$ cat data_24.tsv   # TSV, C-alpha atoms
chain	number	residue	atom	x	y	z
R	1	SER	CA	156.84	41.37	222.86
R	2	VAL	CA	156.34	44.76	224.51
R	3	GLY	CA	159.53	46.79	224.87
R	4	ILE	CA	159.60	49.52	227.52
R	5	PRO	CA	162.64	51.80	227.83
R	6	THR	CA	162.88	53.74	231.09
R	7	HIS	CA	165.20	56.26	232.71
R	8	ASN	CA	164.51	57.26	236.31
R	9	GLY	CA	160.89	56.29	235.78
R	10	VAL	CA	160.20	54.25	238.91
R	11	GLY	CA	157.31	56.56	239.75
R	12	ARG	CA	155.61	55.84	236.39
R	13	LEU	CA	156.89	52.42	235.38
R	14	PRO	CA	154.84	50.17	237.72
R	15	ALA	CA	151.50	51.38	236.32
R	16	THR	CA	152.77	51.05	232.76
R	17	VAL	CA	154.03	47.49	233.28
R	18	ALA	CA	150.81	46.53	235.08
R	19	SER	CA	148.75	47.82	232.15
R	20	VAL	CA	150.57	45.34	229.89
R	21	LEU	CA	150.67	42.37	232.24
R	22	GLN	CA	146.90	42.53	232.75
R	23	GLU	CA	146.66	40.88	229.31
R	24	ARG	CA	146.04	37.15	229.67
R	25	SER	CA	144.25	36.18	226.46
R	26	VAL	CA	147.39	36.09	224.28
R	27	PRO	CA	150.95	35.09	225.21
R	28	ILE	CA	153.13	38.15	225.80
R	29	GLU	CA	156.49	39.09	227.21
R	30	VAL	CA	157.53	42.47	228.60
R	31	LEU	CA	161.12	43.60	228.08
R	32	VAL	CA	162.04	46.59	230.26
R	33	VAL	CA	165.31	48.35	229.51
R	34	ASP	CA	166.58	50.36	232.47
R	35	ASP	CA	168.64	53.08	230.82
R	36	ASP	CA	171.11	53.96	233.58
R	37	SER	CA	168.50	54.89	236.19
R	38	VAL	CA	169.56	56.03	239.66
R	39	ASP	CA	166.12	56.20	241.31
R	40	GLY	CA	165.60	52.60	242.39
R	41	THR	CA	164.20	51.33	239.09
R	42	GLU	CA	166.53	48.31	239.10
R	43	ASP	CA	165.49	47.43	242.66
R	44	TRP	CA	161.83	47.54	241.68
R	45	LEU	CA	162.45	45.35	238.62
R	46	THR	CA	164.42	42.83	240.69
R	47	ALA	CA	161.50	42.50	243.10
R	48	GLN	CA	158.99	41.53	240.39
R	49	ASP	CA	158.05	37.85	240.08
R	50	ASP	CA	155.92	37.65	236.92
R	51	PRO	CA	157.77	35.23	234.58
R	52	ARG	CA	156.54	37.25	231.59
R	53	LEU	CA	158.65	40.23	232.70
R	54	ARG	CA	162.32	40.43	231.77
R	55	TYR	CA	164.70	43.36	232.10
R	56	GLN	CA	168.18	44.54	231.33
R	57	VAL	CA	170.20	47.42	232.77
R	58	LEU	CA	172.31	49.65	230.53
R	59	ARG	CA	175.32	51.32	232.14
R	60	PRO	CA	176.18	53.71	230.63
R	61	GLY	CA	172.80	54.55	229.16
R	62	ARG	CA	172.01	54.77	225.45
R	63	LEU	CA	169.04	57.19	225.62
R	64	GLY	CA	165.56	56.48	224.29
R	65	SER	CA	166.12	54.94	220.87
R	66	GLY	CA	169.29	53.19	221.97
R	67	ALA	CA	167.39	51.60	224.84
R	68	ARG	CA	164.60	50.56	222.47
R	69	ASN	CA	167.14	48.93	220.17
R	70	ALA	CA	168.78	47.15	223.11
R	71	GLY	CA	165.43	45.64	224.06
R	72	PHE	CA	164.53	44.86	220.47
R	73	ALA	CA	167.77	42.89	220.09
R	74	GLU	CA	166.29	40.41	222.58
R	75	VAL	CA	162.98	40.03	220.70
R	76	THR	CA	162.35	36.66	219.06
R	77	THR	CA	158.56	36.97	218.70
R	78	PRO	CA	156.92	37.87	215.35
R	79	PHE	CA	155.24	41.00	216.74
R	80	VAL	CA	156.56	43.87	218.86
R	81	LEU	CA	155.10	46.97	220.46
R	82	PHE	CA	157.24	49.80	221.86
R	83	LEU	CA	155.62	51.42	224.90
R	84	ASP	CA	156.94	54.51	226.69
R	85	ASP	CA	157.23	54.20	230.46
R	86	ASP	CA	154.63	56.92	231.07
R	87	ASP	CA	151.82	55.51	228.91
R	88	LEU	CA	149.15	52.92	229.70
R	89	LEU	CA	147.76	50.18	227.49
R	90	GLU	CA	144.00	49.71	227.56
R	91	PRO	CA	142.58	46.26	228.35
R	92	GLY	CA	142.37	44.15	225.18
R	93	ALA	CA	144.69	46.44	223.22
R	94	ILE	CA	147.19	43.79	222.13
R	95	PRO	CA	144.60	41.23	220.92
R	96	ALA	CA	142.79	43.95	218.97
R	97	LEU	CA	145.99	45.08	217.25
R	98	LEU	CA	147.03	41.48	216.64
R	99	ARG	CA	143.71	40.61	214.98
R	100	ALA	CA	144.17	43.50	212.57
R	101	LEU	CA	147.56	42.16	211.44
R	102	GLU	CA	146.17	38.65	211.12
R	103	ARG	CA	143.34	39.96	208.92
R	104	HIS	CA	145.77	41.94	206.76
R	105	PRO	CA	148.95	39.89	206.22
R	106	GLY	CA	150.38	42.55	203.89
R	107	ALA	CA	150.33	45.26	206.57
R	108	ALA	CA	153.59	46.05	208.35
R	109	ARG	CA	151.86	47.41	211.44
R	110	SER	CA	148.49	47.91	213.05
R	111	ILE	CA	147.62	51.25	214.62
R	112	GLY	CA	144.99	52.02	217.23
R	113	ALA	CA	143.66	55.25	218.68
R	114	ASN	CA	144.90	56.88	221.87
R	115	HIS	CA	143.44	59.03	224.60
R	116	ALA	CA	145.65	61.93	225.77
R	117	MET	CA	145.67	63.05	229.38
R	118	GLY	CA	148.02	65.12	231.46
R	119	GLU	CA	148.75	67.35	234.41
R	120	GLY	CA	146.00	69.95	234.73
R	121	MET	CA	144.41	68.88	231.44
R	122	ARG	CA	141.20	67.10	230.65
R	123	GLY	CA	141.70	64.01	228.53
R	124	LYS	CA	140.59	63.67	224.93
R	125	ARG	CA	140.73	61.11	222.14
R	126	LEU	CA	143.26	62.25	219.56
R	127	PRO	CA	142.21	62.33	215.86
R	128	HIS	CA	141.91	58.83	214.44
R	129	PRO	CA	139.60	57.16	211.90
R	130	ARG	CA	136.30	55.86	213.22
R	131	VAL	CA	136.27	52.86	210.87
R	132	PRO	CA	138.93	50.23	210.04
R	133	LEU	CA	141.27	51.26	207.21
R	134	VAL	CA	144.26	49.81	205.39
R	135	ARG	CA	146.56	52.33	203.73
R	136	ALA	CA	150.16	53.54	203.56
R	137	PRO	CA	149.90	56.70	205.70
R	138	TRP	CA	153.32	58.20	204.98
R	139	LEU	CA	152.03	61.50	203.55
R	140	GLU	CA	149.78	62.11	206.55
R	141	GLU	CA	152.63	61.18	208.92
R	142	LEU	CA	154.95	63.56	207.11
R	143	PHE	CA	152.36	66.32	207.55
R	144	GLY	CA	151.94	65.57	211.24
R	145	TRP	CA	149.38	62.81	211.75
R	146	ASN	CA	151.58	60.79	214.04
R	147	MET	CA	150.60	58.22	216.62
R	148	PRO	CA	152.84	57.52	219.65
R	149	PRO	CA	154.77	54.22	219.65
R	150	GLY	CA	152.48	52.50	222.14
R	151	VAL	CA	149.50	52.35	219.76
R	152	ILE	CA	151.46	50.52	217.04
R	153	LEU	CA	151.99	46.76	216.84
R	154	TRP	CA	154.79	46.02	214.37
R	155	ARG	CA	155.80	42.91	212.53
R	156	SER	CA	159.24	42.40	214.04
R	157	GLU	CA	160.74	41.49	210.67
R	158	VAL	CA	159.80	44.91	209.26
R	159	VAL	CA	161.45	46.82	212.10
R	160	ARG	CA	164.51	44.62	211.70
R	161	SER	CA	164.60	45.13	207.92
R	162	VAL	CA	164.81	48.94	208.26
R	163	GLY	CA	167.52	48.82	210.93
R	164	GLY	CA	165.48	49.49	214.06
R	165	TRP	CA	165.32	52.84	215.79
R	166	ARG	CA	167.63	55.65	214.75
R	167	GLU	CA	169.82	56.50	217.70
R	168	GLY	CA	170.92	60.04	218.47
R	169	LEU	CA	167.64	61.82	217.75
R	170	ARG	CA	166.13	63.77	220.64
R	171	ARG	CA	162.74	64.19	219.00
R	172	ALA	CA	160.69	62.64	216.17
R	173	GLU	CA	162.24	59.18	216.65
R	174	ASP	CA	158.85	57.54	216.13
R	175	THR	CA	158.05	59.65	213.06
R	176	GLU	CA	161.45	58.88	211.59
R	177	LEU	CA	160.95	55.12	212.04
R	178	ASN	CA	157.42	55.26	210.63
R	179	LEU	CA	158.56	57.17	207.56
R	180	ARG	CA	161.31	54.65	206.82
R	181	THR	CA	158.55	52.07	206.29
R	182	TRP	CA	156.71	54.41	203.92
R	183	ARG	CA	156.21	51.80	201.22
R	184	HIS	CA	154.33	49.48	203.61
R	185	GLU	CA	150.62	49.55	204.36
R	186	ALA	CA	149.25	49.87	207.89
R	187	ALA	CA	146.01	48.46	209.28
R	188	LEU	CA	144.21	51.13	211.32
R	189	ILE	CA	141.56	50.19	213.86
R	190	PRO	CA	139.13	52.62	215.51
R	191	ARG	CA	139.58	51.15	218.97
R	192	THR	CA	141.35	53.23	221.65
R	193	VAL	CA	144.30	51.08	222.74
R	194	MET	CA	146.39	53.42	224.90
R	195	ARG	CA	146.26	56.36	227.28
R	196	TYR	CA	148.99	58.89	226.44
R	197	ARG	CA	150.24	60.69	229.54
R	198	PHE	CA	151.45	64.21	228.82
R	199	HIS	CA	153.63	65.74	231.54
R	200	LEU	CA	155.97	68.66	232.13
R	201	GLY	CA	159.15	66.61	231.77
R	202	GLN	CA	158.63	66.25	228.04
R	203	MET	CA	160.42	68.46	225.54
R	204	ALA	CA	158.71	71.81	224.97
R	205	PRO	CA	157.51	72.44	221.40
R	206	ALA	CA	159.87	75.37	220.76
R	207	GLU	CA	162.85	73.06	221.39
R	208	ALA	CA	161.40	70.23	219.35
R	209	TRP	CA	160.37	71.95	216.10
R	210	PRO	CA	163.87	72.29	214.50
R	211	ILE	CA	164.75	68.66	215.25
R	212	ASP	CA	161.36	67.49	214.03
R	213	PHE	CA	161.57	69.46	210.78
R	214	ALA	CA	165.12	68.28	210.03
R	215	ALA	CA	164.07	64.61	210.36
R	216	ARG	CA	161.14	65.13	207.99
R	217	GLN	CA	163.22	67.08	205.48
R	218	GLU	CA	165.84	64.33	205.42
R	219	PHE	CA	163.12	61.82	204.56
R	220	VAL	CA	161.76	64.01	201.75
R	221	ASP	CA	165.21	64.46	200.23
R	222	GLN	CA	165.65	60.71	199.68
R	223	LEU	CA	162.25	60.06	198.07
R	224	PRO	CA	161.86	59.21	194.38
R	225	PRO	CA	160.97	62.30	192.27
R	226	ALA	CA	157.22	61.59	191.97
R	227	GLU	CA	156.71	61.14	195.70
R	228	ARG	CA	159.13	63.96	196.52
R	229	ALA	CA	156.98	66.47	194.67
R	230	VAL	CA	153.91	65.83	196.81
R	231	ALA	CA	156.04	65.50	199.96
R	232	VAL	CA	157.49	68.99	199.43
R	233	ARG	CA	153.95	70.34	199.23
R	234	ALA	CA	153.02	68.46	202.40
R	235	LEU	CA	155.92	70.06	204.28
R	236	ARG	CA	154.78	73.50	203.12
R	237	SER	CA	151.26	72.63	204.26
R	238	ARG	CA	152.72	71.62	207.63
R	239	GLU	CA	154.24	75.10	208.02
R	240	LEU	CA	150.94	76.76	207.08
R	241	HIS	CA	149.09	74.46	209.47
R	242	GLN	CA	151.39	75.57	212.28
R	243	GLU	CA	150.70	79.18	211.35
R	244	ALA	CA	146.96	78.46	211.36
R	245	LEU	CA	147.11	76.87	214.81
R	246	GLU	CA	149.10	79.74	216.28
R	247	ALA	CA	146.59	82.23	214.86
R	248	TYR	CA	143.72	80.14	216.21
R	249	LEU	CA	145.26	80.01	219.70
R	250	ASP	CA	145.72	83.79	219.52
R	251	ARG	CA	142.03	84.02	218.52
R	252	ASP	CA	142.90	85.63	215.19
R	253	TYR	CA	140.24	83.49	213.53
R	254	ALA	CA	140.27	85.19	210.12
R	255	HIS	CA	144.02	84.57	209.79
R	256	ALA	CA	143.59	81.00	211.00
R	257	ALA	CA	140.83	80.30	208.47
R	258	ARG	CA	142.97	81.65	205.60
R	259	SER	CA	145.91	79.50	206.64
R	260	PHE	CA	143.77	76.38	207.01
R	261	ARG	CA	142.36	76.94	203.52
R	262	ALA	CA	145.88	77.40	202.15
R	263	THR	CA	147.00	74.19	203.87
R	264	MET	CA	144.32	72.20	202.07
R	265	ARG	CA	144.70	74.04	198.76
R	266	ILE	CA	148.44	73.33	198.53
R	267	THR	CA	148.04	69.64	199.43
R	268	PRO	CA	144.47	68.59	198.60
R	269	GLU	CA	145.46	64.98	199.29
R	270	LEU	CA	145.44	65.88	202.99
R	271	ALA	CA	141.95	67.33	202.81
R	272	ARG	CA	140.68	64.17	201.12
R	273	SER	CA	142.45	61.80	203.51
R	274	PRO	CA	140.32	59.99	206.10
R	275	LEU	CA	143.16	60.57	208.57
R	276	THR	CA	143.74	64.31	208.24
R	277	GLY	CA	140.71	65.53	206.30
R	278	PRO	CA	138.14	65.48	209.16
R	279	TYR	CA	140.60	67.23	211.47
R	280	LEU	CA	141.45	69.98	208.97
R	281	LEU	CA	137.82	70.57	207.99
R	282	SER	CA	136.79	70.72	211.65
R	283	PHE	CA	139.38	73.36	212.48
R	284	LEU	CA	138.53	75.32	209.32
R	285	ALA	CA	134.87	75.32	210.34
R	286	LYS	CA	135.72	76.53	213.87
R	287	ALA	CA	138.02	79.26	212.58
R	288	THR	CA	135.48	80.38	209.99
R	289	ALA	CA	132.73	80.50	212.61
R	290	GLY	CA	134.99	82.46	214.96
R	291	ALA	CA	135.80	84.96	212.22
R	292	ALA	CA	132.08	85.46	211.49
R	293	LEU	CA	131.20	86.24	215.12
R	294	PRO	CA	131.74	89.64	216.74
R	295	THR	CA	135.20	89.68	218.32
R	296	GLY	CA	134.02	89.87	221.91
R	297	LEU	CA	131.52	87.03	221.51
R	298	ALA	CA	134.07	84.82	219.72
R	299	ARG	CA	136.55	85.31	222.55
R	300	ARG	CA	133.94	84.50	225.21
R	301	VAL	CA	132.95	81.29	223.39
R	302	SER	CA	136.59	80.29	223.04
R	303	SER	CA	137.31	81.00	226.72
R	304	ALA	CA	134.32	78.92	227.80
R	305	ARG	CA	135.45	75.96	225.66
R	306	ARG	CA	138.99	76.13	227.01
R	307	SER	CA	137.84	76.35	230.62
R	308	ARG	CA	135.88	73.13	230.15
R	309	ARG	CA	139.00	71.39	228.79
R	310	GLY	CA	141.21	72.59	231.64
R	311	PRO	CA	144.46	74.59	231.58
R	312	VAL	CA	147.55	73.79	229.53
R	313	PRO	CA	150.84	73.95	231.48
R	314	ASP	CA	153.05	77.00	230.90
R	315	GLY	CA	155.41	76.57	227.96
R	316	HIS	CA	153.14	73.95	226.40
R	317	ARG	CA	150.25	75.94	224.94
R	318	ASN	CA	149.66	73.05	222.60
R	319	PRO	CA	151.39	69.77	223.57
R	320	ARG	CA	151.72	68.67	219.92
R	321	PRO	CA	151.24	71.98	218.08
R	322	ALA	CA	152.31	70.82	214.66
R	323	ASP	CA	150.67	67.43	214.85
R	324	PRO	CA	147.00	66.86	214.01

$ encode --input "data_24.tsv" --output "structure tokens"
Amino acid sequence: SVGIPTHNGVGRLPATVASVLQERSVPIEVLVVDDDSVDGTEDWLTAQDDPRLRYQVLRPGRLGSGARNAGFAEVTTPFVLFLDDDDLLEPGAIPALLRALERHPGAARSIGANHAMGEGMRGKRLPHPRVPLVRAPWLEELFGWNMPPGVILWRSEVVRSVGGWREGLRRAEDTELNLRTWRHEAALIPRTVMRYRFHLGQMAPAEAWPIDFAARQEFVDQLPPAERAVAVRALRSRELHQEALEAYLDRDYAHAARSFRATMRITPELARSPLTGPYLLSFLAKATAGAALPTGLARRVSSARRSRRGPVPDGHRNPRPADP
């Protein structure tokens, strides 16, 4: 099952649904939850004739996680993927994720890579391992390695066992759900399975950080003592990582390099991790190189690299600034 919550998304939803329904090699169903839309979404859904597509309309709406839970309540299949209405599955994504769970029956979920794209931005593949891995990635997810819902195929029984999505959160809903399954392993595949569409309607980072941090802190507070000790260090590393990124964006490369080193020194587990290690080492190398160059030359190199990537919309200097 693929659950898609939507609110006034008729301009985005058709492409998202089509990206799922293109899959013909495995049996699927698409469950769209129209969360009190007033833009003609229900009319569009009514006009569809693919028997694999079902929908329900919530009036009044229940917001993102509530809509996901409403759709999940209708799921009877053993596997479920939650896709946002502005993202696109790649061809073959579901079979690839399904094969990973079949190969690793102890894994609660399989996770693929995603390619970010957005208004005025050039797309890029977000950090993800280049080889298949099986591990419990809770420490990396606590730090900020966090994949969007549409790249994760869950065993439905696991989502059900932890109570589904937590309603009421305005940010970090996916991180919060992932962390509640912290004891379970995940099967990671190197294949890109989704295109993540970043757009201006999403919450700006400055609004999101307090909500995001509170959700992570709540998780840390309930951990057993041994895990809590390393989790506290990971949260401190997350703060230093944010400081490093801000310094890097301000082209204060010496400050950025110091903060990246501190991030890895406080939580060496992150530096050794195949999920976060390559990312951290890459940024440390860039910051160190920038600090070694004359200031004017470093700024010119940085400006040239950014111009090739394309501009970032105002208010969103870094779409996921705290997330590797």

$ residues_around --input "data_24.tsv" --residues "region 217-219 of chain R" --least-positions-apart "2" --cutoff "12 Å" --atoms "only C-alpha atoms" --output "compact mmCIF listing (two decimals) with C-alpha atoms, keeping the file's coordinate frame"
# COMPACT_ATOMS: atom_id res chain seq x y z
CA TRP R 138 153.32 58.20 204.98
CA LEU R 139 152.03 61.50 203.55
CA GLU R 141 152.63 61.18 208.92
CA LEU R 142 154.95 63.56 207.11
CA PHE R 143 152.36 66.32 207.55
CA ALA R 172 160.69 62.64 216.17
CA THR R 175 158.05 59.65 213.06
CA GLU R 176 161.45 58.88 211.59
CA LEU R 177 160.95 55.12 212.04
CA ASN R 178 157.42 55.26 210.63
CA LEU R 179 158.56 57.17 207.56
CA ARG R 180 161.31 54.65 206.82
CA THR R 181 158.55 52.07 206.29
CA TRP R 182 156.71 54.41 203.92
CA PRO R 210 163.87 72.29 214.50
CA ILE R 211 164.75 68.66 215.25
CA ASP R 212 161.36 67.49 214.03
CA PHE R 213 161.57 69.46 210.78
CA ALA R 214 165.12 68.28 210.03
CA ALA R 215 164.07 64.61 210.36
CA ASP R 221 165.21 64.46 200.23
CA GLN R 222 165.65 60.71 199.68
CA LEU R 223 162.25 60.06 198.07
CA PRO R 224 161.86 59.21 194.38
CA GLU R 227 156.71 61.14 195.70
CA ARG R 228 159.13 63.96 196.52
CA ALA R 231 156.04 65.50 199.96
CA VAL R 232 157.49 68.99 199.43
CA ARG R 233 153.95 70.34 199.23
CA ALA R 234 153.02 68.46 202.40
CA LEU R 235 155.92 70.06 204.28
CA ARG R 236 154.78 73.50 203.12
CA ARG R 238 152.72 71.62 207.63

$ residues_around --input "data_24.tsv" --residues "Val57 (chain R)" --least-positions-apart "5" --cutoff "9 Å" --atoms "only C-alpha atoms" --output "CSV table (one decimal) with C-alpha atoms, in the coordinates of the input"
chain,number,residue,atom,x,y,z
R,32,VAL,CA,162.0,46.6,230.3
R,33,VAL,CA,165.3,48.4,229.5
R,34,ASP,CA,166.6,50.4,232.5
R,35,ASP,CA,168.6,53.1,230.8
R,36,ASP,CA,171.1,54.0,233.6
R,37,SER,CA,168.5,54.9,236.2
R,42,GLU,CA,166.5,48.3,239.1

$ closest_residue --input "data_24.tsv" --among "R:Glu23, R:Asp174, R:Glu102, R:Glu140" --to "Leu280 (chain R)" --atoms "all atoms listed in the file"
R:Glu140

$ closest_residue --input "data_24.tsv" --among "R:Ile152, R:Ala96, R:Ala187, R:Leu63" --to "Gly168 (chain R)" --atoms "all atoms listed in the file"
R:Leu63

$ atom_distance --input "data_24.tsv" --atom1 "CA of Val230 (chain R)" --atom2 "CA of Glu269 (chain R)"
8.8 Å

$ atom_distance --input "data_24.tsv" --atom1 "CA of Leu188 (chain R)" --atom2 "CA of Ala287 (chain R)"
28.8 Å

$ atom_distance --input "data_24.tsv" --atom1 "CA of Phe79 (chain R)" --atom2 "CA of Thr192 (chain R)"
19.1 Å

$ residues_around --input "data_24.tsv" --residues "region 10-20 of chain R" --least-positions-apart "2" --cutoff "8 Å" --atoms "all atoms listed in the file" --output "compact mmCIF listing (two decimals) with C-alpha atoms, keeping the file's coordinate frame"
# COMPACT_ATOMS: atom_id res chain seq x y z
CA VAL R 2 156.34 44.76 224.51
CA THR R 6 162.88 53.74 231.09
CA ASN R 8 164.51 57.26 236.31
CA GLN R 22 146.90 42.53 232.75
CA GLU R 23 146.66 40.88 229.31
CA VAL R 30 157.53 42.47 228.60
CA ASP R 39 166.12 56.20 241.31
CA GLY R 40 165.60 52.60 242.39
CA THR R 41 164.20 51.33 239.09
CA TRP R 44 161.83 47.54 241.68
CA ASP R 85 157.23 54.20 230.46
CA ASP R 86 154.63 56.92 231.07
CA ASP R 87 151.82 55.51 228.91
CA LEU R 88 149.15 52.92 229.70
CA LEU R 89 147.76 50.18 227.49
CA GLU R 90 144.00 49.71 227.56
CA PRO R 91 142.58 46.26 228.35

$ residues_around --input "data_24.tsv" --residues "region 108-115 of chain R" --least-positions-apart "4" --cutoff "9 Å" --atoms "all atoms listed in the file" --output "NGL selection string"
:R and (79 or 93 or 96-101 or 104 or 123-129 or 134 or 147-148 or 150-159 or 181 or 184-197)

$ write_last_selection --input "data_24.tsv" --atoms "C-alpha atoms" --output "PDB file, in the coordinates of the input"
ATOM      1  CA  PHE R  79     155.240  41.000 216.740  1.00  0.00           C
ATOM      2  CA  ALA R  93     144.690  46.440 223.220  1.00  0.00           C
ATOM      3  CA  ALA R  96     142.790  43.950 218.970  1.00  0.00           C
ATOM      4  CA  LEU R  97     145.990  45.080 217.250  1.00  0.00           C
ATOM      5  CA  LEU R  98     147.030  41.480 216.640  1.00  0.00           C
ATOM      6  CA  ARG R  99     143.710  40.610 214.980  1.00  0.00           C
ATOM      7  CA  ALA R 100     144.170  43.500 212.570  1.00  0.00           C
ATOM      8  CA  LEU R 101     147.560  42.160 211.440  1.00  0.00           C
ATOM      9  CA  HIS R 104     145.770  41.940 206.760  1.00  0.00           C
ATOM     10  CA  GLY R 123     141.700  64.010 228.530  1.00  0.00           C
ATOM     11  CA  LYS R 124     140.590  63.670 224.930  1.00  0.00           C
ATOM     12  CA  ARG R 125     140.730  61.110 222.140  1.00  0.00           C
ATOM     13  CA  LEU R 126     143.260  62.250 219.560  1.00  0.00           C
ATOM     14  CA  PRO R 127     142.210  62.330 215.860  1.00  0.00           C
ATOM     15  CA  HIS R 128     141.910  58.830 214.440  1.00  0.00           C
ATOM     16  CA  PRO R 129     139.600  57.160 211.900  1.00  0.00           C
ATOM     17  CA  VAL R 134     144.260  49.810 205.390  1.00  0.00           C
ATOM     18  CA  MET R 147     150.600  58.220 216.620  1.00  0.00           C
ATOM     19  CA  PRO R 148     152.840  57.520 219.650  1.00  0.00           C
ATOM     20  CA  GLY R 150     152.480  52.500 222.140  1.00  0.00           C
ATOM     21  CA  VAL R 151     149.500  52.350 219.760  1.00  0.00           C
ATOM     22  CA  ILE R 152     151.460  50.520 217.040  1.00  0.00           C
ATOM     23  CA  LEU R 153     151.990  46.760 216.840  1.00  0.00           C
ATOM     24  CA  TRP R 154     154.790  46.020 214.370  1.00  0.00           C
ATOM     25  CA  ARG R 155     155.800  42.910 212.530  1.00  0.00           C
ATOM     26  CA  SER R 156     159.240  42.400 214.040  1.00  0.00           C
ATOM     27  CA  GLU R 157     160.740  41.490 210.670  1.00  0.00           C
ATOM     28  CA  VAL R 158     159.800  44.910 209.260  1.00  0.00           C
ATOM     29  CA  VAL R 159     161.450  46.820 212.100  1.00  0.00           C
ATOM     30  CA  THR R 181     158.550  52.070 206.290  1.00  0.00           C
ATOM     31  CA  HIS R 184     154.330  49.480 203.610  1.00  0.00           C
ATOM     32  CA  GLU R 185     150.620  49.550 204.360  1.00  0.00           C
ATOM     33  CA  ALA R 186     149.250  49.870 207.890  1.00  0.00           C
ATOM     34  CA  ALA R 187     146.010  48.460 209.280  1.00  0.00           C
ATOM     35  CA  LEU R 188     144.210  51.130 211.320  1.00  0.00           C
ATOM     36  CA  ILE R 189     141.560  50.190 213.860  1.00  0.00           C
ATOM     37  CA  PRO R 190     139.130  52.620 215.510  1.00  0.00           C
ATOM     38  CA  ARG R 191     139.580  51.150 218.970  1.00  0.00           C
ATOM     39  CA  THR R 192     141.350  53.230 221.650  1.00  0.00           C
ATOM     40  CA  VAL R 193     144.300  51.080 222.740  1.00  0.00           C
ATOM     41  CA  MET R 194     146.390  53.420 224.900  1.00  0.00           C
ATOM     42  CA  ARG R 195     146.260  56.360 227.280  1.00  0.00           C
ATOM     43  CA  TYR R 196     148.990  58.890 226.440  1.00  0.00           C
ATOM     44  CA  ARG R 197     150.240  60.690 229.540  1.00  0.00           C
TER      45      ARG R 197
END

$ closest_residue --input "data_24.tsv" --among "R:Leu270, R:Gly164, R:Arg251, R:His7" --to "Ala291 (chain R)" --atoms "all atoms listed in the file"
R:Arg251

$ closest_residue --input "data_24.tsv" --among "R:Phe82, R:Phe72, R:Phe260, R:Tyr253" --to "Glu173 (chain R)" --atoms "all atoms listed in the file"
R:Phe82

$ closest_residue --input "data_24.tsv" --among "R:Leu275, R:Ala229, R:Leu284, R:Val131" --to "Ala256 (chain R)" --atoms "all atoms listed in the file"
R:Leu284

$ closest_residue --input "data_24.tsv" --among "R:Ala73, R:Leu169, R:Leu249, R:Leu133" --to "Ser273 (chain R)" --atoms "only C-alpha atoms"
R:Leu133

$ decode --input "data_24.tsv" --residues "region 108-117 of chain R" --atoms "N, CA, C and O atoms" --output "PDB file, in the first residue's frame"
ATOM      1  N   ALA R 108      12.857  -3.935   9.841  1.00  0.00           N
ATOM      2  CA  ALA R 108      11.526  -3.341   9.954  1.00  0.00           C
ATOM      3  C   ALA R 108      11.164  -2.506   8.743  1.00  0.00           C
ATOM      4  O   ALA R 108       9.982  -2.301   8.449  1.00  0.00           O
ATOM      5  N   ARG R 109      12.188  -2.020   8.024  1.00  0.00           N
ATOM      6  CA  ARG R 109      11.949  -1.132   6.894  1.00  0.00           C
ATOM      7  C   ARG R 109      13.119  -1.202   5.933  1.00  0.00           C
ATOM      8  O   ARG R 109      14.234  -1.563   6.324  1.00  0.00           O
ATOM      9  N   SER R 110      12.869  -0.870   4.702  1.00  0.00           N
ATOM     10  CA  SER R 110      13.942  -0.701   3.732  1.00  0.00           C
ATOM     11  C   SER R 110      13.961   0.767   3.324  1.00  0.00           C
ATOM     12  O   SER R 110      12.916   1.424   3.264  1.00  0.00           O
ATOM     13  N   ILE R 111      15.165   1.273   3.066  1.00  0.00           N
ATOM     14  CA  ILE R 111      15.346   2.706   2.820  1.00  0.00           C
ATOM     15  C   ILE R 111      16.187   2.899   1.567  1.00  0.00           C
ATOM     16  O   ILE R 111      17.294   2.353   1.468  1.00  0.00           O
ATOM     17  N   GLY R 112      15.673   3.655   0.617  1.00  0.00           N
ATOM     18  CA  GLY R 112      16.416   3.986  -0.579  1.00  0.00           C
ATOM     19  C   GLY R 112      16.915   5.413  -0.554  1.00  0.00           C
ATOM     20  O   GLY R 112      16.642   6.181   0.379  1.00  0.00           O
ATOM     21  N   ALA R 113      17.645   5.783  -1.585  1.00  0.00           N
ATOM     22  CA  ALA R 113      18.165   7.143  -1.707  1.00  0.00           C
ATOM     23  C   ALA R 113      17.128   8.041  -2.371  1.00  0.00           C
ATOM     24  O   ALA R 113      16.163   7.563  -2.973  1.00  0.00           O
ATOM     25  N   ASN R 114      17.330   9.358  -2.262  1.00  0.00           N
ATOM     26  CA  ASN R 114      16.426  10.279  -2.932  1.00  0.00           C
ATOM     27  C   ASN R 114      17.199  11.430  -3.562  1.00  0.00           C
ATOM     28  O   ASN R 114      18.307  11.770  -3.158  1.00  0.00           O
ATOM     29  N   HIS R 115      16.583  11.996  -4.570  1.00  0.00           N
ATOM     30  CA  HIS R 115      17.177  13.068  -5.356  1.00  0.00           C
ATOM     31  C   HIS R 115      16.354  14.322  -5.099  1.00  0.00           C
ATOM     32  O   HIS R 115      15.157  14.357  -5.384  1.00  0.00           O
ATOM     33  N   ALA R 116      16.965  15.348  -4.502  1.00  0.00           N
ATOM     34  CA  ALA R 116      16.248  16.579  -4.166  1.00  0.00           C
ATOM     35  C   ALA R 116      16.237  17.528  -5.359  1.00  0.00           C
ATOM     36  O   ALA R 116      17.227  17.659  -6.074  1.00  0.00           O
ATOM     37  N   MET R 117      15.105  18.188  -5.544  1.00  0.00           N
ATOM     38  CA  MET R 117      15.002  19.204  -6.584  1.00  0.00           C
ATOM     39  C   MET R 117      14.012  20.245  -6.089  1.00  0.00           C
ATOM     40  O   MET R 117      13.249  20.003  -5.148  1.00  0.00           O
TER      41      MET R 117
END
